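Below you'll find the structure, written out as structure tokens, and then a few comments.
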Amino acid sequence: MLRYTLKRLWQSAVTVFIVITVVFLLMRLLPAEGYFEENYDKLTPEQRENILRSLGLLDPWYVQLRTFYASLLRWDLGKSIVYRPKVDIAVILKSKIPYSVRFGLAAMSISLVAGLAMGVSQARYKGKWVDRIFTGYIVFINAVPAAVYLIFIQLYISKTVGLPILFDRGRPISWILPAVSMSLGGIAGYAMWMRRYMVDELNKDYIRLARAKGMSGTAIMVKHVMRNAFVPMAQYLPASVLFTISGSIYIESLYSIPGMGGLLVDAIQRQDNTLVQALVLIFSTLGIVGLFLGDVAMAIFDPRIKLARGGGAR
């Protein structure tokens, strides 16, 4: 187990290094306007060159990359240039992260409870009207662009149930609609995978043997099918949690939530290259960390995984 974990940790670290390096180099290909506080068109070529030189952007790419990694080792993400000029990005994120975390945890809780309940109901009543209704919901969420039904929810459902159309930190009721909207995709995903894994388990020989011994259907579902079906999902939970906590870019922007997702949209619109770079690095790193934790969770919870000397194989 230790060797498997260390191997996955090393692979994840290498992946993070590659992703950070690629993102850094790609950001250097963006227009230079994103590195200027003042109006770019009003600056003379000499002023532009002096500003770029002061930021180290005229150095060779390998020198810039070395300086960038040296800053990262000091937990320095740089300073915002346009969004909040000369303010440390870490300071900006400090006020944004709590909103993304709270909404993410709320949406994750709704997704897990509702999605797993839907998946269990579908598997237990496979082919019946319950299964058809929930399958229709899953197909709808996956087939229709999210922007379509999210705008519909914001404009029409909010009026129907009397909920605020935009987020207001002073009104707790305004948290409901964004959290529910953020959980819709997760509900469909958990329900789909839970149904699939449970149906697979129901068709296995040990289930037939349990039925032949006279075990009730409820006991089989609870003691065997649900527990064994949940094991493969353990691989996806950490990544889902981190992605949800990092915030939905579209939903935070749609409901004017001052979180990390909305911040990325603002940074892109204002062409604040340094802030965009920091946020992209954070989001990509969270994704890779989530995959690593998922692999470790799968190895812990699934006894069928054999960890070989080479590091682990399934």
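FYI, nothing fancy with the structure tokens labels: chains A, B, ... in order, residues from 1 per chain, ligands from 1 as they appear.
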Checklist entry - So which bits of region 75-272 of chain A end up helix (DSSP H, G or I) when you DSSP the backbone, as a ChimeraX atom specification? => result /A:89-124,129-143,146-161,172-202,205-212,217-233,237-245,249-254,260-269
Checklist entry - Could you pull the residues within 9 Å of Ile173 (chain A), counting only C-alpha atoms, minus those fewer than 4 positions along the same chain, as a VMD selection string? => result chain A and resid 163 to 164 167 to 168 177
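In this comparison, which uses only C-alpha atoms, the residue of A:Ile220, A:Gln271, A:Phe230, A:Gly287 approaching Ala117 (chain A) most closely is A:Phe230.
Residue nearest Gly294 (chain A), chosen from A:Arg195, A:Arg8, A:Arg3, A:Arg132 and counting only C-alpha atoms: A:Arg8.
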Item to check | Straight-line distance linking CA of Ile157 (chain A) with CA of Ser174 (chain A), stated in Å to one decimal | outcome: 13.1 Å
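The space between CA of Asp88 (chain A) and CA of Leu72 (chain A) spans 13.0 Å.
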Next on the checklist: So that I can see what lies close to Met198 (chain A), please list as a PyMOL selection string the residues with an atom at most 10 Å from it, counting only C-alpha atoms and leaving out residues fewer than 2 positions away in the same chain.
Outcome noted: chain A and resi 119-120+122-124+193-196+200-203+221+224-230
How would the residues just picked look written out with C-alpha atoms as a CSV table (one decimal), in the first residue's frame?
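Result file follows (selection_38.csv):
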```
chain,number,residue,atom,x,y,z
A,119,GLY,CA,-29.4,5.6,-8.1
A,120,VAL,CA,-30.5,3.1,-5.4
A,122,GLN,CA,-33.4,3.1,-10.0
A,123,ALA,CA,-31.5,-0.1,-9.4
A,124,ARG,CA,-34.1,-1.5,-7.0
A,193,TRP,CA,-23.0,5.6,-11.7
A,194,MET,CA,-24.8,4.2,-8.6
A,195,ARG,CA,-27.5,2.6,-10.7
A,196,ARG,CA,-24.9,1.1,-13.1
A,200,ASP,CA,-23.9,-5.0,-12.1
A,201,GLU,CA,-23.8,-6.3,-8.5
A,202,LEU,CA,-27.4,-7.6,-8.7
A,203,ASN,CA,-26.4,-9.8,-11.6
A,221,MET,CA,-29.6,-4.4,-1.1
A,224,HIS,CA,-24.2,-6.5,-0.1
A,225,VAL,CA,-25.3,-4.5,-3.2
A,226,MET,CA,-25.2,-0.9,-1.9
A,227,ARG,CA,-21.9,-1.5,0.0
A,228,ASN,CA,-20.1,-3.1,-2.9
A,229,ALA,CA,-21.5,-0.8,-5.5
A,230,PHE,CA,-20.3,2.3,-3.5
```
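Taking CA of Val19 (chain A) as the reference point, CA of Gly261 (chain A) is found at 19.5 Å.
Among the candidates A:Met27, A:Ile81, A:Ala179, A:Ala188, the one nearest to Ile138 (chain A) when counting only C-alpha atoms is A:Ala188.
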Checklist entry - With only C-alpha atoms as the atoms that count, which of A:Ile20, A:Tyr149, A:Arg28, A:Ile97 lies nearest to Leu58 (chain A)? => result A:Arg28
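Residues surrounding Ser80 (chain A) within 8 Å are Gly78, Val82, Tyr83, Arg84, Pro85, Lys86, Val87, Asp88, Ile89, Asp272, Thr274 and Leu275 of chain A [only C-alpha atoms; sequence separation below 2 positions excluded].
Across A:Val14, A:Val22, A:Met260, A:Leu254, the tightest approach to Val148 (chain A) is made by A:Leu254 when counting only C-alpha atoms.
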